[in-house]
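See structure below.
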Amino acid sequence: MKKYILFIAIFFTIGIAGCKKDYLSLEVNPNQPSVSPPGLTLAAALNNAAAIVNTNYSQDGVWVGWWTNSGNYVPNPALDQFQITNTSYTAVWSNLYANLTNFNNLVLANQKDPTLGNYAAISMIMKAYDFEQLVDQFGDVPYSQAFQPSTILNPQYDGAQAIYNDLVKQLDAAIALINKGGAANPGTSDIVFGGNMVGWKKFANSLKLRLAIRQSTKFASNAASADLAATASEGYLDDTIDAEANPGFANTLSGANDQASPFWSNYGFDVNGNATFPNNYYRGNVFYINTLNGFNDPRINQIYAPTSAGGVIGGNVFGDNTTSVKGNPNTSAIGPGLLKSPTMNAVLMSGAESLFLQAEAALDTYITTSDPLGAQGLYQRGITASFKAMGLTAAQAITYYAQAIPNVGWAASPNKQEAIIYQKWIALTGYSCLEGYLEYERTGFPVLPSPLSADPSAISTFAPIRQFYPLSELTSNAGPLAKEGTINIFTTKIFWEK
Amino acid sequence: MKKLLLVSLCFLMLCITQVFAQNRTVTGTVTAKEDGLPIPGVTVKVRGTNNGTQTNTAGKYTLAGVPAGATLTFSFIGYQTQNVVPAGATANVVLTLASNQLGEVVVTTALGIKQPARSLGYSTASVTAQSLVATAPTNVANGLTAKVAGLAVYSLDNGVDPNVSIVLRGNRSLEGNNNALIVVDGVPIPGGSLSAVNPNDIADITILKGASSAALYGSEASNGAVLITTKRGTGDGKPVIVYQNSYQLENVSYYPKLQNQFGPYGGEGSYRVPGTNNFVAATDPITGAPEYIPYENQIYGPAYNGQLVPIGAPVGSATGPIQMIPYAAQKKNPIEQFFQTGMTEQNDISFSQGDAKNAFYISAQNAYRTTVVPSDVNIKNAFSVRGHRTYGIFSADYSVGYTKTRVSTYNSGIGVGSVSGISGSYVTNAGAADLYSSVLQLPAFLNLATIKDPDGFYGNPNDFYDAYAINPYWVLKHSRRNISKDQLLSQLKLRLDPAKWIGISYQLSDNFGINQERQTQDEVDFSKYATDDYFSAGNVPSGFAATGKSPGQVNDYYSFGDGANFPNPGYSRIQGDALIDLHYNFLKDLKTSLVLGNSIRQQYFKYIATGSKNLLIPGFYNINTIGGTISASEASFMIRNISNFGDLNIGWKNFINFEATLRQEQDSRLSKAERTFYYPSAKLSFIPTDAIPFLKDNHILNYAKLYGSFSRVGNIDVGPYTIQNVYNLAGGFPYGSLGGLTQGGTNYSSTLKPELTTEVELGAELSFFDSRLAVNATWYDQHVKNQTVPIGTSITTGYSSTLTNIGETESYGEEFQVTGDILTQAQNKFGFQLGANFSINDSKVISLLPNITSLSLGNRQYAVVGQPFPLMEGTDFVRDPQGHVVVSATTGYPSAAQTLTTYGRTTPKYDLGLNTRLAYKFVSLTAVAEYRGGDVVYNGIGGTLDFTGSGYTSASAGRQPFVFPNSVINTGTAANPVYTPNTNVNVRDGNYGFWQGSAYASVDYPYVSSGAFWKLREVNLSFNLDQFVKQSKFVKGITVALTGRNLFMFVPKNNPWTDPEFSDSSPTSNLRGTNDIRETPGTRVFGGSLRVTF
């Protein structure tokens, strides 16, 4: 009997002693890192933010009159007929929040490591940039309870205006953090300004301007406008400095991913130079072509490419599925002034846009400008910046805005704000579809055709004025979402919409 | 029963009879005929005396004092008693199972422990080798279909290397694996290795249905287990050679319902007159009807009228020949013409020889299979060697099986990791990337013969008639997946039986596979004429105008694991099991046994993937000659687990048995604080027909067993490295030396706990009329707590999913198995057996997270408190309170509702299997049929059919405006709606506009159908010609058979699409109930087989 007990004992001893003490400790993931150095997070998040704003808003580019589908393709009920559900155009919700969480991580990292002040400041500015896109499209969104996955799985929605007000404070705090100094410079991982923190302060200030102006039509005086003076001395983006990202775009594939600038790889061409689907799909819009021709605007040949059939600038009427002169050969693709090269910068906010914002702010007396011509000077500098950005010259711009055409020449424009918005609308073409659309929603300019879509099945004479909350929120955050009530995309207004 | 009486009588006799003679000593081994393994505990007696003994754990006995010429009686419960007159000092005996004696059968239970069925406190079922291979399935799983109550086999597709999953008692885990554990010769194997097992090598299969029965296997077996025992040599010392051949044909049995009335048109308003800049309206200006468009991929044009029409553009140049064909539907739709008759041929040869001490079995199989998809082929070669040897108290058992499988199939763009698969074609839009979707774009009037050569005159990419889709024959020829799998299953078991009451064994097993896959897509060179786009249609070649070519692509995947294909490979596995088996009878009637064990396993998986979409040399697939950079990724995963367990059995007087098990497990996937857990089980069985005197010797109810069990099983339903958050490489990075990382989408937690399944099972086994009718009924109820689920969380938390333990679910049901021996062949010449198995499985989500009553599981499926799971919810039309669809007063179109509608459960609630056997003389006919129902399916293929216009539904209203059935119109206001029945508002466009351009095509409702079906699973008509070849010394037996599988399928009318069993989810996912265009249509298989025994 003893013999057998010994047997058993040996047996189990072999079994158990065979394993080392840490035999079961396999927690470390050999495939993916569980930490990310701040530089890697920052570069990726900035690049992603630029990609979102450059490529996620094609539908807004159509609805604000720049583009239309060529007619060679089957009608798209969501785009052409506004038959929109809570699964239409909602990728941007998750894209923005996913982008925001990376910026938020850098803000949190700074709480532990004070040397990351500049990373945090950039992240606070970019959070304001992303959150404004969310609020402007969806209204109330989770803000104060967002990004706390270990404690809050169902974040409540914050009021849109309250978020706006806090974004202004965050931008002020970011500027203060940069001014505090002593923190590490992000250097090349800052793919926007290359570590030039002055650029970030100007960007932050320009965003404050955007927040103030957006509310100005409904609330002439608002928290953002009241705060503009506090940081006015930091200056704004202008004809000398744009907010543009470029991590080193190249006409190559990194694995399966195109490394070209997002606007180029989405609306232009693949690495072999073949046109992408959106390049074939988004074509000239007759309304825009007529408007530009009416302005004698030379930018038309930069915004659109000549047609393959006639070598002219041609377009289609948005939603028209019946006229006989169309198809890809008779409609213009996006032109060389926008599709510059695979290595072109990805625009976050152009100097031209900032100048138009300043012009309107000067008009509204939100800011005092040092420009000797005041709002007019800023307006004309905005046009010149736009001309230059599209590959034209300052001289051409001067000739252009010297014309006595309303919404072109300053003096000839009876409604100065209208002129600013029209010119901003042209300057925003392509890279800032969302901003063009939002400014239309705010001001009603440009005056778009009515009904907007010629498709007889269109369920509205105008485009949606906002977005549905996405299906993913309905399925994963139903409780807080319910408090937002029923959304009608044609009537439920964002707080700043008049 | 009689036998038991006899045994008891013998005992009685032994007690009063004197020891009589002093003669010689006889020794020997007793083995079982079925598997050749030794049987311990066999009673050996000299007939007519009280001189007796029992075999030890190695099946050996030594009996002294056997008079010359005396007869030895060998008896053991469940086996037919044998009488042998030993010729010398040795007598090796082979015992045969007592057939159809419910309760006297011996069942292989967990860890290969054999137990009499009568002592089991839980539900098991067996499938014999004969039944398994009746219709020569190439995969073991297919041979199990519809044969066991509560066991569901899902054939997820119809490919040349199909995905199959086995689920016992429905789903328990919300999102984790619900597949049964597969155990071969006592060792769990990876699920992906099952297809490597040669079905002809299998001796029998035991199904342990519930968590209780499988508790000894630990966390892996919380979904039940399928125990496979493979063949060893038989025990009579003579060599047996078996040759088998089966030849089967396969054709499509279930096409989607197609329309044969209308030709191509794509909904555009106009198209260009070739050679001009003039566009003409594509709708007839007078009738408004759509006009035929010769290059269109969608089939929404005018009705066929027999006129000669051009199709496609002029070939080669604008002045080239143009194909003119009659505008009339082909007799057989080209979609149906596309699929061929597949063929499977299997050749098997096995040699076996064994005696009491040794057994040896060697087999080889070649299976060659083509399917209904032309050019797909699967060649499997399997070899196995198994054996058993005994030396004194030491014995060894071993098996090695090697399977080499080569598969060549069309590419469907399946990928892994950060290297995505190559899409099926160079077309990157228009929904034509996959083979089946481009087949579904073939119009009914097309002469398929003209495009059969994808490099030929009309078929090549430059001249193919369709401007937007691809020639499906191009995919077959130029876009391929070639897979090579090497799979090895091996185990070695050493056993020591130092005394009667103790056995010690150690089993080492190593199961692994290497999968090598290459996906290739050929370069396409476009002519200037093709890229110039003759019709200015925006055709596919025009997208390659800049370079005139679509470069060749290659992806290589190499993995070490279980050898299964991407994207569903599993782990390799090395395992060591140490067992001590103690058994002792304390009193005459108190039998006890105790098994103590330790099990250590390591599972490992690694893959490397490389690829390029920019090959520089046509037809040369090597990542060294590419433009740009290589895409590459790699990852490895390891799991380790250590367990200790014990199993105590106490039996009293052979009619009451109690079993208790306890297992402790430590698993590397969880954090140190959470990784150790315990699970107990207790089982009780009682045989009233033996215990209660007045039930004894009863011919009506000749056997009854009542049993019950309780168990709690832990289950780790997550992969390794899921307790720490990770960062992913950001798309596009690195740019030069600048790297970029982005936070992963799933939030992990280091406090993750194992899932806990608590199961209660009660059942009865009843046998009537001398075992002519057997009924087995089971009720079970399982509660799973701490479900580990990557719940879809609001992205506003920073993570789109969170892996966490949530709430509680319940799954419960009943299982019934009835077998009736209506006419026995021995007595009536004509044999007739009928069997049925029926299971009802229901489930309910009891709780999720605080304040959360619904969770998205993905794939349109949800867990909703109070409802069964997974529950399909999807978009629906806007409806009035009575459920009528609200349509627009102007367009007649419905619109999509903003909230989701519940469509029902996606796993069958009812599963009924029927089987019958008719036998007369040497001819027998067996058939198996199955019904499943109570579930719903989302048919993704329906959307493709409505997109292409080839489906019957889209032509059901003759492509004319119609009133949407049962619709209403809101005649009130949006705030105060008044719904009036719609009698006269037609849909604005009954053609393309409605079927593709309205909300009809975008909501889920039209494509949700019942998942119910009836299938005739198996038919086997076999002729046993043994009696005719008896005279031959060379051939011992010949059996020929005609076989058929899935000969018929019947589905409800609301499913005109596809086999509801098909699914686009992975075999390890439980989110069934959705399909797409990756699953080609369902097939039937029929053929014949030959079996010769030498």
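All residue names refer to the structure tokens as shown: chains lettered A, B, ... in order, residues numbered from 1 in each chain, ligands numbered from 1 in order.
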
Sorted by chain and rising residue number, list the residues of chain A at most 6 Å from chain B (counting only C-alpha atoms), each with its closest atom pair and distance in Å to one decimal, as CSV.
```
residue,atom,partner,partner_atom,distance
A:Leu24,CA,B:Ser668,CA,4.6
A:Ser25,CA,B:Ser668,CA,5.9
A:Leu26,CA,B:Ser668,CA,5.8
A:Glu27,CA,B:Tyr721,CA,5.7
A:Asn29,CA,B:Tyr721,CA,5.2
A:Asn31,CA,B:Ala635,CA,5.2
A:Gln32,CA,B:Val726,CA,5.9
A:Pro33,CA,B:Val726,CA,5.6
A:Ser34,CA,B:Val726,CA,4.3
A:Leu40,CA,B:Gly740,CA,4.2
A:Thr41,CA,B:Leu741,CA,5.1
A:Ala43,CA,B:Gly740,CA,5.6
A:Ala44,CA,B:Gly740,CA,4.4
A:Val74,CA,B:Gly267,CA,6.0
A:Ser94,CA,B:Ile795,CA,5.9
A:Tyr97,CA,B:Thr796,CA,5.8
A:Thr101,CA,B:Gly798,CA,5.2
A:Ala146,CA,B:Thr797,CA,5.1
A:Phe147,CA,B:Thr797,CA,4.2
A:Gln148,CA,B:Thr797,CA,5.7
A:Pro149,CA,B:Thr797,CA,5.1
A:Gly248,CA,B:Tyr735,CA,5.6
A:Thr252,CA,B:Gly628,CA,5.7
A:Leu253,CA,B:Gly628,CA,5.9
A:Ser254,CA,B:Gly732,CA,5.8
A:Gly255,CA,B:Ser631,CA,3.5
A:Asn257,CA,B:Gly732,CA,5.2
A:Gln259,CA,B:Gly732,CA,5.2
A:Gly273,CA,B:Ala546,CA,5.7
A:Asn274,CA,B:Ala546,CA,5.1
A:Ala275,CA,B:Gly543,CA,5.7
A:Asn321,CA,B:Gly269,CA,5.0
A:Thr322,CA,B:Gly269,CA,4.7
A:Ser324,CA,B:Phe279,CA,5.1
A:Val325,CA,B:Phe279,CA,5.9
A:Glu473,CA,B:Ser794,CA,5.9
A:Ser476,CA,B:Thr793,CA,5.2
A:Asn477,CA,B:Ser794,CA,5.8
```

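For segment 242-342 of chain B, backbone-based DSSP assignment of helix (DSSP H, G or I) covers B:Pro334, B:Ile335, B:Glu336, B:Gln337, B:Phe338.
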
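For segment 264-341 of chain A, a DSSP pass over the backbone yields strand (DSSP E or B) at Phe269, Ala275, Tyr282, Arg283, Gly284, Asn285, Tyr304, Asn316 and Ile334 of chain A.
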
Fewer than 2 positions away in the same chain doesn't count, so skip those; otherwise give me all residues within 8 Å of Ser123 of chain B, counting only C-alpha atoms, as a ChimeraX atom specification.
/B:120-121,125,208-210,213,763,778

Expected file contents, prior selection, N, CA, C and O atoms, as an mmCIF file, in the first residue's frame:
```cif
data_model
loop_
_atom_site.group_PDB
_atom_site.id
_atom_site.type_symbol
_atom_site.label_atom_id
_atom_site.label_comp_id
_atom_site.auth_asym_id
_atom_site.auth_seq_id
_atom_site.Cartn_x
_atom_site.Cartn_y
_atom_site.Cartn_z
ATOM 1 N N LEU B 120 -24.996 5.612 -15.196
ATOM 2 C CA LEU B 120 -24.748 7.028 -15.497
ATOM 3 C C LEU B 120 -25.892 7.916 -15.022
ATOM 4 O O LEU B 120 -27.054 7.579 -15.215
ATOM 5 N N GLY B 121 -25.527 9.027 -14.439
ATOM 6 C CA GLY B 121 -26.528 9.964 -13.944
ATOM 7 C C GLY B 121 -26.771 11.109 -14.899
ATOM 8 O O GLY B 121 -27.151 12.198 -14.476
ATOM 9 N N ALA B 125 -25.531 9.721 -25.664
ATOM 10 C CA ALA B 125 -26.062 9.067 -26.852
ATOM 11 C C ALA B 125 -24.889 8.535 -27.631
ATOM 12 O O ALA B 125 -23.777 9.040 -27.529
ATOM 13 N N LEU B 208 -21.669 13.323 -25.076
ATOM 14 C CA LEU B 208 -21.976 13.756 -23.711
ATOM 15 C C LEU B 208 -22.659 15.113 -23.850
ATOM 16 O O LEU B 208 -22.026 16.096 -24.180
ATOM 17 N N LYS B 209 -23.968 15.106 -23.620
ATOM 18 C CA LYS B 209 -24.737 16.268 -24.049
ATOM 19 C C LYS B 209 -24.565 17.488 -23.166
ATOM 20 O O LYS B 209 -24.579 18.607 -23.637
ATOM 21 N N GLY B 210 -24.443 17.254 -21.889
ATOM 22 C CA GLY B 210 -24.522 18.413 -21.007
ATOM 23 C C GLY B 210 -23.214 18.715 -20.304
ATOM 24 O O GLY B 210 -22.228 17.987 -20.424
ATOM 25 N N SER B 213 -22.117 15.809 -17.739
ATOM 26 C CA SER B 213 -21.444 14.631 -18.240
ATOM 27 C C SER B 213 -20.002 14.936 -18.587
ATOM 28 O O SER B 213 -19.141 14.079 -18.519
ATOM 29 N N GLY B 763 -33.716 12.876 -16.007
ATOM 30 C CA GLY B 763 -34.103 12.093 -17.164
ATOM 31 C C GLY B 763 -34.539 10.701 -16.802
ATOM 32 O O GLY B 763 -34.410 10.254 -15.659
ATOM 33 N N THR B 778 -35.160 13.544 -21.468
ATOM 34 C CA THR B 778 -34.301 14.344 -20.601
ATOM 35 C C THR B 778 -34.845 15.760 -20.513
ATOM 36 O O THR B 778 -35.330 16.307 -21.506
#
```

Fewer than 3 positions away in the same chain doesn't count, so skip those; otherwise give me all residues within 7 Å of Tyr236 of chain A, counting only C-alpha atoms, as a PDB file with all heavy atoms, in the first residue's frame.
```pdb
ATOM      1  N   LYS A 202      -2.478  80.127 -32.740  1.00  0.00           N
ATOM      2  CA  LYS A 202      -3.276  80.813 -33.761  1.00  0.00           C
ATOM      3  C   LYS A 202      -4.461  79.934 -34.201  1.00  0.00           C
ATOM      4  O   LYS A 202      -5.566  80.417 -34.462  1.00  0.00           O
ATOM      5  CB  LYS A 202      -2.397  81.138 -34.980  1.00  0.00           C
ATOM      6  CG  LYS A 202      -1.390  82.256 -34.739  1.00  0.00           C
ATOM      7  CD  LYS A 202      -0.613  82.534 -36.011  1.00  0.00           C
ATOM      8  CE  LYS A 202       0.519  83.529 -35.806  1.00  0.00           C
ATOM      9  NZ  LYS A 202       0.025  84.885 -35.526  1.00  0.00           N
ATOM     10  N   PHE A 203      -4.186  78.618 -34.284  1.00  0.00           N
ATOM     11  CA  PHE A 203      -5.253  77.689 -34.668  1.00  0.00           C
ATOM     12  C   PHE A 203      -6.358  77.701 -33.602  1.00  0.00           C
ATOM     13  O   PHE A 203      -7.552  77.779 -33.910  1.00  0.00           O
ATOM     14  CB  PHE A 203      -4.655  76.284 -34.854  1.00  0.00           C
ATOM     15  CG  PHE A 203      -5.607  75.249 -35.380  1.00  0.00           C
ATOM     16  CD1 PHE A 203      -6.758  75.588 -36.114  1.00  0.00           C
ATOM     17  CD2 PHE A 203      -5.360  73.893 -35.170  1.00  0.00           C
ATOM     18  CE1 PHE A 203      -7.608  74.609 -36.616  1.00  0.00           C
ATOM     19  CE2 PHE A 203      -6.215  72.911 -35.664  1.00  0.00           C
ATOM     20  CZ  PHE A 203      -7.345  73.271 -36.375  1.00  0.00           C
ATOM     21  N   ASN A 205      -7.064  80.027 -31.521  1.00  0.00           N
ATOM     22  CA  ASN A 205      -7.764  81.316 -31.571  1.00  0.00           C
ATOM     23  C   ASN A 205      -8.749  81.371 -32.741  1.00  0.00           C
ATOM     24  O   ASN A 205      -9.858  81.893 -32.625  1.00  0.00           O
ATOM     25  CB  ASN A 205      -6.721  82.430 -31.715  1.00  0.00           C
ATOM     26  CG  ASN A 205      -6.913  83.492 -30.658  1.00  0.00           C
ATOM     27  OD1 ASN A 205      -7.731  83.332 -29.753  1.00  0.00           O
ATOM     28  ND2 ASN A 205      -6.159  84.577 -30.772  1.00  0.00           N
ATOM     29  N   SER A 206      -8.339  80.775 -33.877  1.00  0.00           N
ATOM     30  CA  SER A 206      -9.223  80.752 -35.043  1.00  0.00           C
ATOM     31  C   SER A 206     -10.444  79.884 -34.776  1.00  0.00           C
ATOM     32  O   SER A 206     -11.548  80.166 -35.248  1.00  0.00           O
ATOM     33  CB  SER A 206      -8.470  80.231 -36.272  1.00  0.00           C
ATOM     34  OG  SER A 206      -7.291  80.977 -36.483  1.00  0.00           O
ATOM     35  N   SER A 354      -9.946  81.305 -42.115  1.00  0.00           N
ATOM     36  CA  SER A 354      -9.723  82.140 -40.933  1.00  0.00           C
ATOM     37  C   SER A 354      -9.895  83.621 -41.273  1.00  0.00           C
ATOM     38  O   SER A 354     -10.483  84.388 -40.499  1.00  0.00           O
ATOM     39  CB  SER A 354      -8.329  81.877 -40.369  1.00  0.00           C
ATOM     40  OG  SER A 354      -8.066  82.767 -39.298  1.00  0.00           O
TER      41      SER A 354
END
```

Leaving out Ala362 of chain A and any residue of its chain fewer than 4 positions from it, which residues lie within 10 Å of it when counting only C-alpha atoms, given as a short mmCIF file (atom, residue, chain, number, x, y, z; two decimals) with N, CA, C and O atoms, in the first residue's frame?
```
data_model
loop_
_atom_site.label_atom_id
_atom_site.label_comp_id
_atom_site.auth_asym_id
_atom_site.auth_seq_id
_atom_site.Cartn_x
_atom_site.Cartn_y
_atom_site.Cartn_z
N PHE A 356 -11.77 84.89 -43.63
CA PHE A 356 -13.20 85.19 -43.80
C PHE A 356 -13.91 85.25 -42.45
O PHE A 356 -14.81 86.06 -42.23
N LEU A 357 -13.49 84.36 -41.54
CA LEU A 357 -14.05 84.42 -40.17
C LEU A 357 -13.72 85.76 -39.52
O LEU A 357 -14.57 86.40 -38.89
N GLN A 358 -12.47 86.19 -39.69
CA GLN A 358 -12.05 87.47 -39.11
C GLN A 358 -12.83 88.62 -39.74
O GLN A 358 -13.23 89.58 -39.07
N TYR A 366 -16.80 91.87 -33.28
CA TYR A 366 -16.30 90.93 -32.28
C TYR A 366 -14.81 91.17 -32.04
O TYR A 366 -14.29 90.95 -30.96
N ILE A 367 -14.13 91.56 -33.13
CA ILE A 367 -12.69 91.80 -33.01
C ILE A 367 -12.36 93.15 -33.65
O ILE A 367 -13.14 93.66 -34.47
N THR A 368 -11.26 93.68 -33.26
CA THR A 368 -10.75 94.85 -33.98
C THR A 368 -9.54 94.39 -34.75
O THR A 368 -8.68 93.68 -34.24
N THR A 369 -9.52 94.74 -36.01
CA THR A 369 -8.45 94.24 -36.85
C THR A 369 -7.44 95.34 -37.13
O THR A 369 -7.77 96.52 -37.16
N GLY A 374 -9.88 97.16 -42.74
CA GLY A 374 -10.88 96.53 -41.88
C GLY A 374 -11.42 95.25 -42.49
O GLY A 374 -10.68 94.47 -43.09
N ALA A 375 -12.73 95.04 -42.35
CA ALA A 375 -13.36 93.82 -42.82
C ALA A 375 -13.10 93.61 -44.31
O ALA A 375 -12.85 92.49 -44.78
N GLN A 376 -13.13 94.69 -45.07
CA GLN A 376 -12.90 94.57 -46.51
C GLN A 376 -11.51 94.01 -46.80
O GLN A 376 -11.34 93.15 -47.66
N LEU A 378 -9.67 92.14 -44.85
CA LEU A 378 -9.61 90.72 -44.49
C LEU A 378 -10.31 89.87 -45.56
O LEU A 378 -9.84 88.80 -45.94
#
```

Distance atom CA of Leu1042 of chain B-atom CA of Thr926 of chain B, one decimal place?
10.5 Å

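For segment 333-338 of chain B, the set of protein, DNA and RNA residues having any atom at most 7 Å away, when counting only C-alpha atoms and skipping those fewer than 5 positions along the same chain, is Val439, Leu440, Leu442, Ala444, Leu446 and Leu448 of chain B.
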
Near Thr115 of chain A, within 12 Å and counting only C-alpha atoms, which residues show up once chain neighbours fewer than 5 positions away are dropped, as an mmCIF file with C-alpha atoms, in the first residue's frame?
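Saved result, result-v6.cif, follows:
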```cif
data_model
loop_
_atom_site.group_PDB
_atom_site.id
_atom_site.type_symbol
_atom_site.label_atom_id
_atom_site.label_comp_id
_atom_site.auth_asym_id
_atom_site.auth_seq_id
_atom_site.Cartn_x
_atom_site.Cartn_y
_atom_site.Cartn_z
ATOM 1 C CA PRO A 38 2.799 60.215 -26.775
ATOM 2 C CA LEU A 106 -2.844 62.610 -24.195
ATOM 3 C CA VAL A 107 -4.652 65.083 -21.941
ATOM 4 C CA ALA A 109 -1.143 61.483 -19.779
ATOM 5 C CA ASN A 110 -0.229 65.090 -19.034
ATOM 6 C CA ALA A 120 -1.979 68.045 -23.966
ATOM 7 C CA ALA A 121 -2.464 71.575 -25.315
ATOM 8 C CA LEU A 177 -0.725 75.713 -21.149
ATOM 9 C CA ILE A 178 1.457 76.482 -24.160
ATOM 10 C CA LYS A 180 3.334 78.284 -19.455
ATOM 11 C CA GLY A 181 6.340 76.838 -21.269
ATOM 12 C CA GLY A 182 8.866 74.316 -20.050
ATOM 13 C CA ALA A 183 7.205 71.304 -21.660
ATOM 14 C CA ALA A 184 8.720 68.986 -24.241
ATOM 15 C CA ASN A 185 8.286 69.990 -27.847
ATOM 16 C CA PRO A 186 6.425 67.347 -29.891
#
```
